[in-house]
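S.K.: Sharing model01.pdb here; it has PDB, C-alpha atoms, pLDDT in the B column.
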ATOM      1  CA  MET A   1     -72.041 142.550  51.521  1.00 51.00           C
ATOM      2  CA  GLU A   2     -68.401 142.794  50.526  1.00 48.00           C
ATOM      3  CA  CYS A   3     -67.356 141.887  54.088  1.00 49.00           C
ATOM      4  CA  ASP A   4     -69.491 138.754  53.998  1.00 50.00           C
ATOM      5  CA  VAL A   5     -67.860 137.648  50.751  1.00 42.00           C
ATOM      6  CA  LYS A   6     -64.372 138.172  52.180  1.00 47.00           C
ATOM      7  CA  ARG A   7     -65.255 136.217  55.322  1.00 52.00           C
ATOM      8  CA  GLY A   8     -66.569 133.401  53.127  1.00 51.00           C
ATOM      9  CA  HIS A   9     -63.343 133.314  51.142  1.00 53.00           C
ATOM     10  CA  ARG A  10     -61.282 133.167  54.345  1.00 56.00           C
ATOM     11  CA  ARG A  11     -63.375 130.276  55.637  1.00 60.00           C
ATOM     12  CA  LEU A  12     -62.888 128.349  52.393  1.00 55.00           C
ATOM     13  CA  ALA A  13     -59.138 128.981  52.437  1.00 56.00           C
ATOM     14  CA  LEU A  14     -58.879 127.847  56.071  1.00 53.00           C
ATOM     15  CA  ALA A  15     -60.914 124.724  55.330  1.00 55.00           C
ATOM     16  CA  ALA A  16     -58.646 123.932  52.363  1.00 57.00           C
ATOM     17  CA  VAL A  17     -55.522 124.304  54.518  1.00 51.00           C
ATOM     18  CA  LEU A  18     -56.935 122.075  57.277  1.00 54.00           C
ATOM     19  CA  GLY A  19     -57.982 119.482  54.716  1.00 58.00           C
ATOM     20  CA  ALA A  20     -54.508 119.419  53.203  1.00 57.00           C
ATOM     21  CA  MET A  21     -52.907 119.029  56.640  1.00 62.00           C
ATOM     22  CA  LEU A  22     -55.209 116.126  57.497  1.00 55.00           C
ATOM     23  CA  ALA A  23     -54.424 114.407  54.179  1.00 56.00           C
ATOM     24  CA  VAL A  24     -50.669 114.731  54.745  1.00 53.00           C
ATOM     25  CA  ALA A  25     -51.001 113.360  58.289  1.00 53.00           C
ATOM     26  CA  ALA A  26     -53.040 110.365  57.099  1.00 53.00           C
ATOM     27  CA  LEU A  27     -50.560 109.610  54.310  1.00 47.00           C
ATOM     28  CA  THR A  28     -47.607 109.794  56.724  1.00 52.00           C
ATOM     29  CA  ALA A  29     -49.266 107.426  59.198  1.00 49.00           C
ATOM     30  CA  THR A  30     -49.989 104.926  56.408  1.00 49.00           C
ATOM     31  CA  LEU A  31     -46.417 104.955  55.159  1.00 44.00           C
ATOM     32  CA  MET A  32     -44.973 104.517  58.670  1.00 46.00           C
ATOM     33  CA  GLY A  33     -47.282 101.610  59.407  1.00 42.00           C
ATOM     34  CA  CYS A  34     -46.484  99.660  56.218  1.00 43.00           C
ATOM     35  CA  ALA A  35     -42.846 100.445  55.536  1.00 42.00           C
ATOM     36  CA  PRO A  36     -40.162  98.182  57.095  1.00 42.00           C
ATOM     37  CA  GLY A  37     -38.317  99.632  60.052  1.00 42.00           C
ATOM     38  CA  GLN A  38     -35.223 101.611  59.200  1.00 42.00           C
ATOM     39  CA  PRO A  39     -32.125 102.060  61.371  1.00 41.00           C
ATOM     40  CA  ALA A  40     -32.118 105.251  63.350  1.00 43.00           C
ATOM     41  CA  ALA A  41     -29.987 108.064  62.041  1.00 42.00           C
ATOM     42  CA  ASP A  42     -26.540 108.420  63.568  1.00 43.00           C
ATOM     43  CA  THR A  43     -26.866 110.803  66.469  1.00 40.00           C
ATOM     44  CA  GLY A  44     -23.180 110.829  67.249  1.00 41.00           C
ATOM     45  CA  SER A  45     -23.667 108.785  70.421  1.00 40.00           C
ATOM     46  CA  GLY A  46     -21.698 105.822  69.070  1.00 40.00           C
ATOM     47  CA  ALA A  47     -24.737 103.501  69.027  1.00 40.00           C
ATOM     48  CA  THR A  48     -24.929 100.986  66.187  1.00 40.00           C
ATOM     49  CA  SER A  49     -27.782  99.198  64.517  1.00 40.00           C
ATOM     50  CA  GLY A  50     -28.501  95.528  65.224  1.00 39.00           C
ATOM     51  CA  ALA A  51     -26.751  94.429  62.006  1.00 41.00           C
ATOM     52  CA  GLU A  52     -23.605  96.294  62.957  1.00 43.00           C
ATOM     53  CA  ALA A  53     -23.546  95.504  66.665  1.00 42.00           C
ATOM     54  CA  PRO A  54     -20.525  93.487  67.802  1.00 45.00           C
ATOM     55  CA  ALA A  55     -21.020  90.013  69.248  1.00 44.00           C
ATOM     56  CA  GLY A  56     -22.372  90.178  72.770  1.00 43.00           C
ATOM     57  CA  GLU A  57     -24.553  93.234  72.097  1.00 46.00           C
ATOM     58  CA  ALA A  58     -28.241  93.276  71.256  1.00 44.00           C
ATOM     59  CA  GLY A  59     -28.913  91.988  67.760  1.00 43.00           C
ATOM     60  CA  GLY A  60     -25.240  91.096  67.142  1.00 48.00           C
ATOM     61  CA  GLY A  61     -24.991  87.540  68.516  1.00 61.00           C
ATOM     62  CA  ASP A  62     -25.069  85.674  71.813  1.00 75.00           C
ATOM     63  CA  ALA A  63     -25.377  88.235  74.566  1.00 80.00           C
ATOM     64  CA  MET A  64     -23.546  85.872  76.965  1.00 82.00           C
ATOM     65  CA  ALA A  65     -20.597  85.105  74.669  1.00 83.00           C
ATOM     66  CA  ASP A  66     -18.252  87.626  76.290  1.00 86.00           C
ATOM     67  CA  GLN A  67     -19.295  86.873  79.848  1.00 86.00           C
ATOM     68  CA  PRO A  68     -16.574  85.236  82.015  1.00 87.00           C
ATOM     69  CA  VAL A  69     -17.171  81.649  83.099  1.00 86.00           C
ATOM     70  CA  ASN A  70     -16.315  82.404  86.762  1.00 88.00           C
ATOM     71  CA  TRP A  71     -15.708  78.714  87.466  1.00 89.00           C
ATOM     72  CA  THR A  72     -16.247  77.295  90.956  1.00 91.00           C
ATOM     73  CA  PRO A  73     -16.508  73.672  92.137  1.00 91.00           C
ATOM     74  CA  GLU A  74     -20.284  74.172  92.110  1.00 92.00           C
ATOM     75  CA  SER A  75     -20.382  75.178  88.423  1.00 91.00           C
ATOM     76  CA  ASP A  76     -22.392  73.088  85.975  1.00 91.00           C
ATOM     77  CA  CYS A  77     -19.607  71.637  83.791  1.00 90.00           C
ATOM     78  CA  ALA A  78     -22.159  70.362  81.247  1.00 90.00           C
ATOM     79  CA  THR A  79     -22.869  73.962  80.218  1.00 86.00           C
ATOM     80  CA  CYS A  80     -19.633  73.949  78.209  1.00 87.00           C
ATOM     81  CA  HIS A  81     -18.309  70.380  78.248  1.00 89.00           C
ATOM     82  CA  THR A  82     -21.283  68.842  76.458  1.00 88.00           C
ATOM     83  CA  ALA A  83     -19.393  65.884  74.944  1.00 88.00           C
ATOM     84  CA  GLU A  84     -18.112  64.785  78.341  1.00 89.00           C
ATOM     85  CA  ALA A  85     -21.565  65.199  79.857  1.00 91.00           C
ATOM     86  CA  GLU A  86     -23.116  63.010  77.146  1.00 91.00           C
ATOM     87  CA  SER A  87     -20.728  60.150  77.988  1.00 90.00           C
ATOM     88  CA  ALA A  88     -22.563  59.714  81.284  1.00 92.00           C
ATOM     89  CA  THR A  89     -25.640  58.471  79.424  1.00 92.00           C
ATOM     90  CA  ASP A  90     -23.977  56.885  76.377  1.00 93.00           C
ATOM     91  CA  ALA A  91     -24.163  53.077  76.423  1.00 93.00           C
ATOM     92  CA  ALA A  92     -20.986  52.999  74.302  1.00 93.00           C
ATOM     93  CA  CYS A  93     -19.155  54.518  77.272  1.00 92.00           C
ATOM     94  CA  PRO A  94     -19.914  51.989  80.058  1.00 92.00           C
ATOM     95  CA  GLN A  95     -17.549  53.467  82.649  1.00 93.00           C
ATOM     96  CA  GLY A  96     -19.197  56.864  82.254  1.00 93.00           C
ATOM     97  CA  VAL A  97     -22.650  55.362  82.694  1.00 94.00           C
ATOM     98  CA  ALA A  98     -21.494  53.344  85.713  1.00 94.00           C
ATOM     99  CA  HIS A  99     -20.048  56.404  87.433  1.00 95.00           C
ATOM    100  CA  GLU A 100     -23.224  58.357  86.739  1.00 94.00           C
ATOM    101  CA  ALA A 101     -25.293  55.580  88.313  1.00 94.00           C
ATOM    102  CA  GLU A 102     -23.133  55.762  91.450  1.00 94.00           C
ATOM    103  CA  GLY A 103     -23.679  59.506  91.736  1.00 94.00           C
ATOM    104  CA  VAL A 104     -20.130  60.399  90.695  1.00 93.00           C
ATOM    105  CA  THR A 105     -19.889  64.006  89.495  1.00 92.00           C
ATOM    106  CA  CYS A 106     -17.145  65.897  87.662  1.00 92.00           C
ATOM    107  CA  VAL A 107     -15.616  67.314  90.832  1.00 92.00           C
ATOM    108  CA  THR A 108     -15.692  63.896  92.496  1.00 93.00           C
ATOM    109  CA  CYS A 109     -12.744  62.967  90.273  1.00 92.00           C
ATOM    110  CA  HIS A 110     -11.434  66.355  89.144  1.00 92.00           C
ATOM    111  CA  THR A 111     -10.460  67.530  92.601  1.00 91.00           C
ATOM    112  CA  ASP A 112      -7.550  69.932  91.998  1.00 91.00           C
ATOM    113  CA  GLU A 113      -9.380  73.221  92.453  1.00 91.00           C
ATOM    114  CA  ALA A 114      -6.251  75.344  91.929  1.00 91.00           C
ATOM    115  CA  VAL A 115      -5.493  73.806  88.517  1.00 90.00           C
ATOM    116  CA  LEU A 116      -9.116  74.044  87.416  1.00 90.00           C
ATOM    117  CA  SER A 117      -9.394  77.670  88.535  1.00 91.00           C
ATOM    118  CA  GLU A 118      -6.296  78.534  86.521  1.00 89.00           C
ATOM    119  CA  ALA A 119      -7.565  76.650  83.462  1.00 86.00           C
ATOM    120  CA  HIS A 120     -10.829  78.624  83.523  1.00 89.00           C
ATOM    121  CA  ALA A 121      -9.311  81.974  84.537  1.00 89.00           C
ATOM    122  CA  ASP A 122      -9.722  83.664  81.131  1.00 88.00           C
ATOM    123  CA  ALA A 123     -12.526  81.485  79.776  1.00 87.00           C
ATOM    124  CA  THR A 124     -15.715  83.095  78.503  1.00 89.00           C
ATOM    125  CA  MET A 125     -19.119  81.591  77.801  1.00 85.00           C
ATOM    126  CA  GLY A 126     -18.501  81.930  74.054  1.00 86.00           C
ATOM    127  CA  ASP A 127     -15.214  80.004  74.027  1.00 86.00           C
ATOM    128  CA  LYS A 128     -15.031  76.594  72.380  1.00 84.00           C
ATOM    129  CA  PRO A 129     -14.536  73.987  75.147  1.00 79.00           C
ATOM    130  CA  ALA A 130     -11.333  71.970  75.245  1.00 73.00           C
ATOM    131  CA  THR A 131     -11.496  68.922  73.002  1.00 66.00           C
ATOM    132  CA  LYS A 132     -10.192  66.731  75.830  1.00 66.00           C
ATOM    133  CA  ALA A 133     -10.930  66.868  79.512  1.00 61.00           C
ATOM    134  CA  THR A 134      -7.653  67.339  81.345  1.00 63.00           C
ATOM    135  CA  VAL A 135      -6.517  64.296  83.329  1.00 62.00           C
ATOM    136  CA  VAL A 136      -3.903  66.049  85.462  1.00 73.00           C
ATOM    137  CA  THR A 137      -6.678  67.092  87.819  1.00 82.00           C
ATOM    138  CA  VAL A 138      -7.582  63.459  88.574  1.00 90.00           C
ATOM    139  CA  ASP A 139      -5.493  62.320  91.514  1.00 89.00           C
ATOM    140  CA  GLU A 140      -4.711  58.599  91.569  1.00 90.00           C
ATOM    141  CA  ALA A 141      -5.691  58.536  95.244  1.00 92.00           C
ATOM    142  CA  THR A 142      -9.220  59.454  94.162  1.00 93.00           C
ATOM    143  CA  CYS A 143      -9.432  56.350  91.970  1.00 94.00           C
ATOM    144  CA  ILE A 144      -7.911  54.132  94.668  1.00 94.00           C
ATOM    145  CA  GLY A 145     -10.381  55.454  97.220  1.00 93.00           C
ATOM    146  CA  CYS A 146     -13.226  53.799  95.299  1.00 93.00           C
ATOM    147  CA  HIS A 147     -11.605  50.995  93.290  1.00 94.00           C
ATOM    148  CA  GLY A 148      -8.749  49.869  95.538  1.00 94.00           C
ATOM    149  CA  ASP A 149      -5.026  49.828  94.791  1.00 91.00           C
ATOM    150  CA  LEU A 150      -3.400  48.207  91.755  1.00 90.00           C
ATOM    151  CA  SER A 151      -2.963  44.805  93.403  1.00 91.00           C
ATOM    152  CA  GLN A 152      -6.620  44.704  94.427  1.00 94.00           C
ATOM    153  CA  VAL A 153      -7.813  45.679  90.960  1.00 94.00           C
ATOM    154  CA  ALA A 154      -5.427  43.128  89.396  1.00 94.00           C
ATOM    155  CA  GLU A 155      -7.289  40.353  91.231  1.00 94.00           C
ATOM    156  CA  LEU A 156     -10.559  41.535  89.715  1.00 94.00           C
ATOM    157  CA  THR A 157      -9.148  41.561  86.182  1.00 94.00           C
ATOM    158  CA  ALA A 158      -7.186  38.302  86.341  1.00 93.00           C
ATOM    159  CA  ASP A 159      -9.371  36.787  83.601  1.00 93.00           C
ATOM    160  CA  SER A 160      -9.548  39.911  81.436  1.00 91.00           C
ATOM    161  CA  THR A 161      -8.659  39.514  77.766  1.00 89.00           C
ATOM    162  CA  ALA A 162      -8.840  43.206  76.999  1.00 86.00           C
ATOM    163  CA  LEU A 163      -5.100  43.338  76.333  1.00 87.00           C
ATOM    164  CA  THR A 164      -4.255  40.597  73.852  1.00 88.00           C
ATOM    165  CA  ASP A 165      -1.487  41.117  71.332  1.00 85.00           C
ATOM    166  CA  ASP A 166      -1.273  39.940  67.721  1.00 84.00           C
ATOM    167  CA  LYS A 167       0.374  36.676  68.797  1.00 84.00           C
ATOM    168  CA  GLY A 168      -2.431  35.805  71.196  1.00 87.00           C
ATOM    169  CA  THR A 169      -0.511  36.743  74.325  1.00 87.00           C
ATOM    170  CA  THR A 170      -2.881  38.071  76.976  1.00 89.00           C
ATOM    171  CA  VAL A 171      -1.751  40.157  79.911  1.00 88.00           C
ATOM    172  CA  ASN A 172      -3.591  41.301  82.997  1.00 91.00           C
ATOM    173  CA  PRO A 173      -3.945  45.048  82.411  1.00 88.00           C
ATOM    174  CA  HIS A 174      -3.399  45.776  86.112  1.00 92.00           C
ATOM    175  CA  GLU A 175      -0.517  43.398  86.768  1.00 89.00           C
ATOM    176  CA  ARG A 176       2.638  44.751  85.157  1.00 82.00           C
ATOM    177  CA  PRO A 177       5.512  42.278  84.890  1.00 80.00           C
ATOM    178  CA  ALA A 178       8.576  43.066  86.992  1.00 80.00           C
ATOM    179  CA  GLY A 179      11.276  44.920  85.160  1.00 79.00           C
ATOM    180  CA  ALA A 180      13.516  47.936  85.430  1.00 80.00           C
ATOM    181  CA  LYS A 181      11.642  49.902  82.751  1.00 79.00           C
ATOM    182  CA  HIS A 182       8.298  49.315  84.441  1.00 83.00           C
ATOM    183  CA  GLU A 183       9.710  50.279  87.813  1.00 84.00           C
ATOM    184  CA  GLU A 184      11.256  53.451  86.386  1.00 85.00           C
ATOM    185  CA  ASN A 185       7.990  54.390  84.715  1.00 84.00           C
ATOM    186  CA  PRO A 186       5.162  53.432  87.062  1.00 84.00           C
ATOM    187  CA  ALA A 187       1.736  53.595  85.461  1.00 86.00           C
ATOM    188  CA  THR A 188      -1.087  55.658  86.912  1.00 88.00           C
ATOM    189  CA  CYS A 189      -4.802  55.060  86.464  1.00 91.00           C
ATOM    190  CA  THR A 190      -5.268  57.927  84.029  1.00 89.00           C
ATOM    191  CA  ASP A 191      -2.504  56.655  81.730  1.00 89.00           C
ATOM    192  CA  CYS A 192      -5.048  54.200  80.344  1.00 90.00           C
ATOM    193  CA  HIS A 193      -8.388  55.170  81.822  1.00 91.00           C
ATOM    194  CA  ASN A 194     -10.458  58.079  80.567  1.00 89.00           C
ATOM    195  CA  ASN A 195     -13.956  58.138  81.998  1.00 90.00           C
ATOM    196  CA  HIS A 196     -15.258  59.710  78.776  1.00 91.00           C
ATOM    197  CA  SER A 197     -13.609  57.287  76.326  1.00 90.00           C
ATOM    198  CA  LYS A 198     -15.566  54.755  74.277  1.00 90.00           C
ATOM    199  CA  ASP A 199     -12.613  52.394  73.764  1.00 91.00           C
ATOM    200  CA  LEU A 200     -10.540  51.766  76.899  1.00 88.00           C
ATOM    201  CA  PRO A 201      -8.633  48.751  75.457  1.00 86.00           C
ATOM    202  CA  LYS A 202      -7.491  50.917  72.549  1.00 88.00           C
ATOM    203  CA  ASP A 203      -6.408  53.642  74.982  1.00 89.00           C
ATOM    204  CA  ALA A 204      -4.409  51.095  76.973  1.00 87.00           C
ATOM    205  CA  MET A 205      -2.785  49.700  73.831  1.00 86.00           C
ATOM    206  CA  LYS A 206      -1.669  53.206  72.886  1.00 87.00           C
ATOM    207  CA  TYR A 207      -0.065  53.587  76.291  1.00 87.00           C
ATOM    208  CA  CYS A 208       1.798  50.263  75.960  1.00 85.00           C
ATOM    209  CA  ALA A 209       2.888  51.158  72.419  1.00 83.00           C
ATOM    210  CA  GLN A 210       4.938  54.042  73.765  1.00 83.00           C
ATOM    211  CA  CYS A 211       7.577  51.434  74.662  1.00 82.00           C
ATOM    212  CA  HIS A 212       6.470  48.123  73.145  1.00 81.00           C
ATOM    213  CA  HIS A 213       6.212  47.483  69.449  1.00 78.00           C
ATOM    214  CA  ARG A 214       2.595  47.845  68.455  1.00 72.00           C
ATOM    215  CA  GLY A 215       0.859  44.480  68.399  1.00 74.00           C
ATOM    216  CA  THR A 216       3.249  42.613  70.686  1.00 77.00           C
ATOM    217  CA  PHE A 217       3.929  42.697  74.417  1.00 76.00           C
ATOM    218  CA  GLU A 218       7.260  40.874  74.147  1.00 71.00           C
ATOM    219  CA  CYS A 219      10.469  42.768  74.869  1.00 64.00           C
ATOM    220  CA  GLY A 220      13.413  42.891  72.488  1.00 57.00           C
ATOM    221  CA  THR A 221      11.759  40.862  69.749  1.00 54.00           C
ATOM    222  CA  CYS A 222      13.123  42.964  66.921  1.00 56.00           C
ATOM    223  CA  HIS A 223      16.569  43.311  68.513  1.00 52.00           C
ATOM    224  CA  GLU A 224      16.823  39.527  68.855  1.00 48.00           C
ATOM    225  CA  LEU A 225      15.971  39.122  65.181  1.00 45.00           C
ATOM    226  CA  ARG A 226      18.698  41.580  64.205  1.00 46.00           C
ATOM    227  CA  GLU A 227      21.251  39.687  66.274  1.00 47.00           C
ATOM    228  CA  ARG A 228      20.364  36.475  64.490  1.00 37.00           C
TER
END
What's the structure tokens form of this structure?

M.R.:
Amino acid sequence: MECDVKRGHRRLALAAVLGAMLAVAALTATLMGCAPGQPAADTGSGATSGAEAPAGEAGGGDAMADQPVNWTPESDCATCHTAEAESATDAACPQGVAHEAEGVTCVTCHTDEAVLSEAHADATMGDKPATKATVVTVDEATCIGCHGDLSQVAELTADSTALTDDKGTTVNPHERPAGAKHEENPATCTDCHNNHSKDLPKDAMKYCAQCHHRGTFECGTCHELRER
């Protein structure tokens, strides 16, 4: 009889222990399912949580930011140079739209592969693109190949009034008057023309203003006044 009582007590004690274990397990599962995720404890491996990860790593920013551009003539320039790419469809930039319609691409005009490779040598996907597209990679021969030389273009713009000074004097933008200064400093297409610009006349005026007084195409006007 005494043995039966002892066995009964052991069974009750075992049942109580199992019940307590099951309750703890259920409570743990509930807490894990409802509580927000916590960063893993530092294991000494050098890993960091998402909030602490440097840019380029998971959870810390753009994973491609530190990747090199690896530019080639086949690269999609619009990936970085978004402003220049938009000029091809912007009605306010007619020359950009016209070139796009003719199937002209970036590397059609920007042909100097060596210069472009050097310019992109250390560039990464996270870098801010240059605010201006470089014009030194546009060879004047490229422009002439499609548009003709200066004398041919001058015939096409004989009636242009794009360059008119404050006194009403109009000059053909592609027919520079003879003169020593003009001959010493021959103009190139890219001095005035930027395919991505929305105001070519203004660009041309800025070029002329490097030597001429702004607002007048006459030479020596101010010097003549001083002499008088």

S.K.: Running the PyMOL selection byres ((chain A and resi 184-201) around 7) on this model by hand, what would come out? Give it as a ChimeraX atom specification.

M.R.: /A:84,87,92-93,95-96,135,140,162-163,180-183,202-205,207

S.K.: Can you list, as a list of chain:residue names, the residues that the PyMOL selection byres ((chain A and resi 160) around 9) selects here?

M.R.: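 Checking the PyMOL selection byres ((chain A and resi 160) around 9) against this file, the residues are A:Leu156, A:Thr157, A:Ala158, A:Asp159, A:Thr161, A:Ala162, A:Leu163, A:Thr170, A:Val171, A:Asn172, A:Pro173.
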
S.K.: Write out the residues from the selection above, keeping C-alpha atoms, as a CSV table (one decimal), keeping the file's coordinate frame.

M.R.:
chain,number,residue,atom,x,y,z
A,156,LEU,CA,-10.6,41.5,89.7
A,157,THR,CA,-9.1,41.6,86.2
A,158,ALA,CA,-7.2,38.3,86.3
A,159,ASP,CA,-9.4,36.8,83.6
A,161,THR,CA,-8.7,39.5,77.8
A,162,ALA,CA,-8.8,43.2,77.0
A,163,LEU,CA,-5.1,43.3,76.3
A,170,THR,CA,-2.9,38.1,77.0
A,171,VAL,CA,-1.8,40.2,79.9
A,172,ASN,CA,-3.6,41.3,83.0
A,173,PRO,CA,-3.9,45.0,82.4

S.K.: Padding 6 Å on every side, please: axis-aligned box over the listed atoms of range 160-175 of chain A, centre and edge lengths to one decimal in Å, as AutoDock Vina command-line options.

M.R.:
--center_x -4.6 --center_y 40.8 --center_z 77.2 --size_x 21.9 --size_y 22.0 --size_z 31.0

S.K.: Find the distance between CA of Pro177 in chain A and CA of Cys211 in chain A and write it in Å to one decimal.

M.R.: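 Taking CA of Pro177 in chain A as the start and CA of Cys211 in chain A as the end point, the length is 13.9 Å.
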
S.K.: Can you turn the PyMOL selection byres ((chain A and resi 73-78) around 12) into a concrete residue list for this file, as a PyMOL selection string?

M.R.: chain A and resi 69-72+79-88+105-117+120+125+129-130+133

S.K.: Work out how far CA of Glu118 in chain A is from CA of Ala65 in chain A, in Å to one decimal.

M.R.: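 CA of Glu118 in chain A lies at a distance of 19.7 Å from CA of Ala65 in chain A.
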
S.K.: To one decimal place, how far is CA of Ala178 in chain A from CA of Cys143 in chain A in Å?

M.R.: 22.9 Å
